[in-house]
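Below: the structure, in structure tokens.
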Amino acid sequence: MNIMSKIVGMGSSVPKKRLTNFDLEKMVDTSDEWIFTRTGVKERRIADPGTTVAELAAPAAIDALKMAGVDSKELDLIICATSTPDMMFPSTACAIQALIGAAECPAFDLLAACSGFVYSLSVADQFIRSGSSKTVLLVASEIYSKMINWEDRGTCVLFGDGSAAIVLQANNNSEGVLGSEIHSDGKFGSFIKAGGMPKRHNFSSEPQVEADYFVVMKGSHTFKVAVKKMTDVSLSLLEKLTISPAEIDLIIPHQANERIMKAVAKSLNVDEGKVFNNIAGYGNTSAASIPLAMTEAYMANRINKGDLVLTVAFGGGLTWGANLIRF
């Protein structure tokens, strides 16, 4: 029997606060025209001070479980894709587990930066295909506003906060995750990076030294590599599954930059109308961007039963990957 991982529930949760390009004009040397022309972003959501990544994620998880008709006690596994955890441990997944009253199932975080959802979906699919899990909650949640230098116009215009979740269940028909392909190459690690951890010498009584905390990015270097890797992994996965780009009903790429998404569509020889894009309202929400866009696309009837949907992403590491899903 061919076991597949079917998406049976989706949900999303974003902060209420909107930070527009016009707001940013008052903070750094930039303009709405400059930002929108280069990125496609008009506004992004910003979490309230004190809001944790798990607290932002919990409503998305609850909505996904509700759509799936699944009680949190029925979960066999919880995976949280995040690169902005509030603490090293307990994991964000464990914090979400507590907030939604889930069963005593395994829960862990997966950090692959903006490729986090694609990586996590591949991992969750393997748990289900192996028979280790029947019902999996996959959550992606990010609060990048705490990782951004708000005086750096090269990065502060790009990122936003948000979360989304999906519920996967074992399925023995033709619906679900058809395949995944994930990669990384550490030699490109300097292209996108963030500190996030304090630095101190082991066994030292010296005062703790602040880390190189904020996100830094080499924009032009990242653009070229991102377009090539996202194109290559998409074509490779489709070739393995003997499916042509023309057969894809919808592509949901990582919402990093509108120009990157358009360049990937052109490289795949796919009409831009088949590429779902919601970057204008949210900016780059890292691991949360694909499931956030997927939920929005589904609610807008852009995804229908039987549709082939390709997800593809790149992120710091560098990491990249793709999944093909039949709804």
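Every chain in the structure tokens has a letter given in the order shown (A, B, ...), and although residue numbers restart at 1 in each chain, ligands are simply numbered from 1 in the order shown.
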Item to check | Selection near Gly162 in chain A, 12 Å with only C-alpha atoms, sequence-local residues under 5 positions removed, as a PyMOL selection string | outcome: chain A and resi 11-18+44-48+51-60+82+84+139-145+279+281-293
Next on the checklist: Taking only range 52-235 of chain A into account, list the residues labelled alpha helix (DSSP H) by DSSP (computed from the backbone), as a VMD selection string.
Outcome noted: chain A and resid 53 to 68 92 to 100 116 to 129 153 to 156 219 to 235
Checklist entry - Nearest to Leu75 in chain A among A:Phe89, A:Asn21, A:Lys266, A:Leu137, with distances taken over only C-alpha atoms: which residue is it? => result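 Among A:Phe89, A:Asn21, A:Lys266, A:Leu137, it is A:Leu137 that comes nearest to Leu75 in chain A.
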Next on the checklist: Ranking A:Phe108, A:Trp320, A:Tyr213, A:Phe276 by minimum distance to Phe188 in chain A and counting only C-alpha atoms, which one comes first?
Outcome noted: A:Trp320
Checklist entry - Please, what distance in Å, to one decimal, runs between CA of Ile100 in chain A and CA of Lys73 in chain A? => result 9.2 Å
Checklist entry - Out of A:Glu74, A:Glu181, A:Glu33, A:Asp307, which residue has the shortest atom-to-atom distance to Glu239 in chain A when counting only C-alpha atoms? => result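 Closest candidate: A:Glu181.
Closest approach to Ala64 in chain A from the set A:Val136, A:Val118, A:Val215, A:Leu77 is made by A:Val136, with distances taken over only C-alpha atoms.
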Checklist entry - So which residues touch Gly176 in chain A within 9 Å, counting only C-alpha atoms, skipping near sequence neighbours fewer than 6 positions away, as a count of residues only? => result 11
Next on the checklist: Please extract the residues of range 134-311 of chain A with a backbone DSSP assignment of strand (DSSP E) and present them as number ranges by chain.
Outcome noted: A: 135-142, 162-171, 176-184, 192-193, 216-217, 250-253, 308-311
Let's have the selection written as a PDB file, in the first residue's frame, with C-alpha atoms.
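After the write, selection10.pdb holds the following:
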```pdb
ATOM      1  CA  THR A 135      -1.275  12.656  12.081  1.00  0.00           C
ATOM      2  CA  VAL A 136       1.312  15.443  12.106  1.00  0.00           C
ATOM      3  CA  LEU A 137       1.024  19.131  12.934  1.00  0.00           C
ATOM      4  CA  LEU A 138       3.534  21.250  11.033  1.00  0.00           C
ATOM      5  CA  VAL A 139       3.801  24.853  12.197  1.00  0.00           C
ATOM      6  CA  ALA A 140       5.960  27.640  10.782  1.00  0.00           C
ATOM      7  CA  SER A 141       6.240  30.753  12.914  1.00  0.00           C
ATOM      8  CA  GLU A 142       8.613  33.706  12.761  1.00  0.00           C
ATOM      9  CA  GLY A 162       3.682  35.746  10.815  1.00  0.00           C
ATOM     10  CA  SER A 163       2.785  32.102  11.295  1.00  0.00           C
ATOM     11  CA  ALA A 164       0.882  29.337   9.567  1.00  0.00           C
ATOM     12  CA  ALA A 165       0.180  25.660  10.154  1.00  0.00           C
ATOM     13  CA  ILE A 166      -0.912  22.539   8.310  1.00  0.00           C
ATOM     14  CA  VAL A 167      -2.169  19.160   9.485  1.00  0.00           C
ATOM     15  CA  LEU A 168      -0.980  16.095   7.588  1.00  0.00           C
ATOM     16  CA  GLN A 169      -2.598  12.670   7.746  1.00  0.00           C
ATOM     17  CA  ALA A 170      -1.712   9.302   6.285  1.00  0.00           C
ATOM     18  CA  ASN A 171      -3.591   8.675   3.054  1.00  0.00           C
ATOM     19  CA  GLY A 176      -0.830  14.291  -0.837  1.00  0.00           C
ATOM     20  CA  VAL A 177       2.886  14.970  -0.995  1.00  0.00           C
ATOM     21  CA  LEU A 178       4.163  13.333  -4.175  1.00  0.00           C
ATOM     22  CA  GLY A 179       7.788  14.074  -3.458  1.00  0.00           C
ATOM     23  CA  SER A 180      10.342  16.443  -1.976  1.00  0.00           C
ATOM     24  CA  GLU A 181      13.941  17.409  -2.646  1.00  0.00           C
ATOM     25  CA  ILE A 182      16.108  19.402  -0.225  1.00  0.00           C
ATOM     26  CA  HIS A 183      19.693  20.664  -0.396  1.00  0.00           C
ATOM     27  CA  SER A 184      22.221  22.885   1.348  1.00  0.00           C
ATOM     28  CA  ILE A 192      22.445  35.525   4.631  1.00  0.00           C
ATOM     29  CA  LYS A 193      23.236  35.200   8.316  1.00  0.00           C
ATOM     30  CA  VAL A 216      22.770  40.698   7.421  1.00  0.00           C
ATOM     31  CA  MET A 217      22.480  39.887   3.753  1.00  0.00           C
ATOM     32  CA  LEU A 250       0.043  26.611  -8.971  1.00  0.00           C
ATOM     33  CA  ILE A 251       3.528  27.469  -7.750  1.00  0.00           C
ATOM     34  CA  ILE A 252       3.860  28.805  -4.210  1.00  0.00           C
ATOM     35  CA  PRO A 253       7.422  30.072  -3.836  1.00  0.00           C
ATOM     36  CA  LEU A 308      -0.746  20.001  -8.533  1.00  0.00           C
ATOM     37  CA  VAL A 309       0.980  22.580  -6.329  1.00  0.00           C
ATOM     38  CA  LEU A 310       4.736  23.139  -6.303  1.00  0.00           C
ATOM     39  CA  THR A 311       6.362  24.797  -3.287  1.00  0.00           C
TER      40      THR A 311
END
```
Checklist entry - If we count only C-alpha atoms, what is near Gly131 in chain A at a cut-off of 9 Å, once residues fewer than 3 positions away on the same chain are taken out, given as number ranges by chain? => result A: 3, 126-128, 134, 170
Nearby residues (only C-alpha atoms) at most 10 Å from Ser190 in chain A, same-chain spacing under 6 positions excluded, as a CSV table (one decimal) with C-alpha atoms, in the first residue's frame:
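The resulting file, out.csv, is shown below:
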```
chain,number,residue,atom,x,y,z
A,216,VAL,CA,22.8,40.7,7.4
A,217,MET,CA,22.5,39.9,3.8
A,218,LYS,CA,24.4,40.2,0.5
A,221,HIS,CA,24.8,37.6,-4.4
A,222,THR,CA,21.8,36.0,-2.8
A,316,GLY,CA,20.3,31.0,4.9
A,317,GLY,CA,22.7,28.1,5.0
A,318,LEU,CA,22.3,28.3,2.1
```
Item to check | Counting only C-alpha atoms, the option among A:Gly321, A:Pro49, A:Gly69, A:Pro85 closest to Met230 in chain A | outcome: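 Distance minimum relative to Met230 in chain A lands on A:Gly321.
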Checklist entry - Which is closer to Lys42 in chain A than all the others in A:Ala95, A:Ile62, A:Leu19, A:Ala256, using only C-alpha atoms? => result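 That would be A:Leu19, the residue with the smallest distance to Lys42 in chain A.
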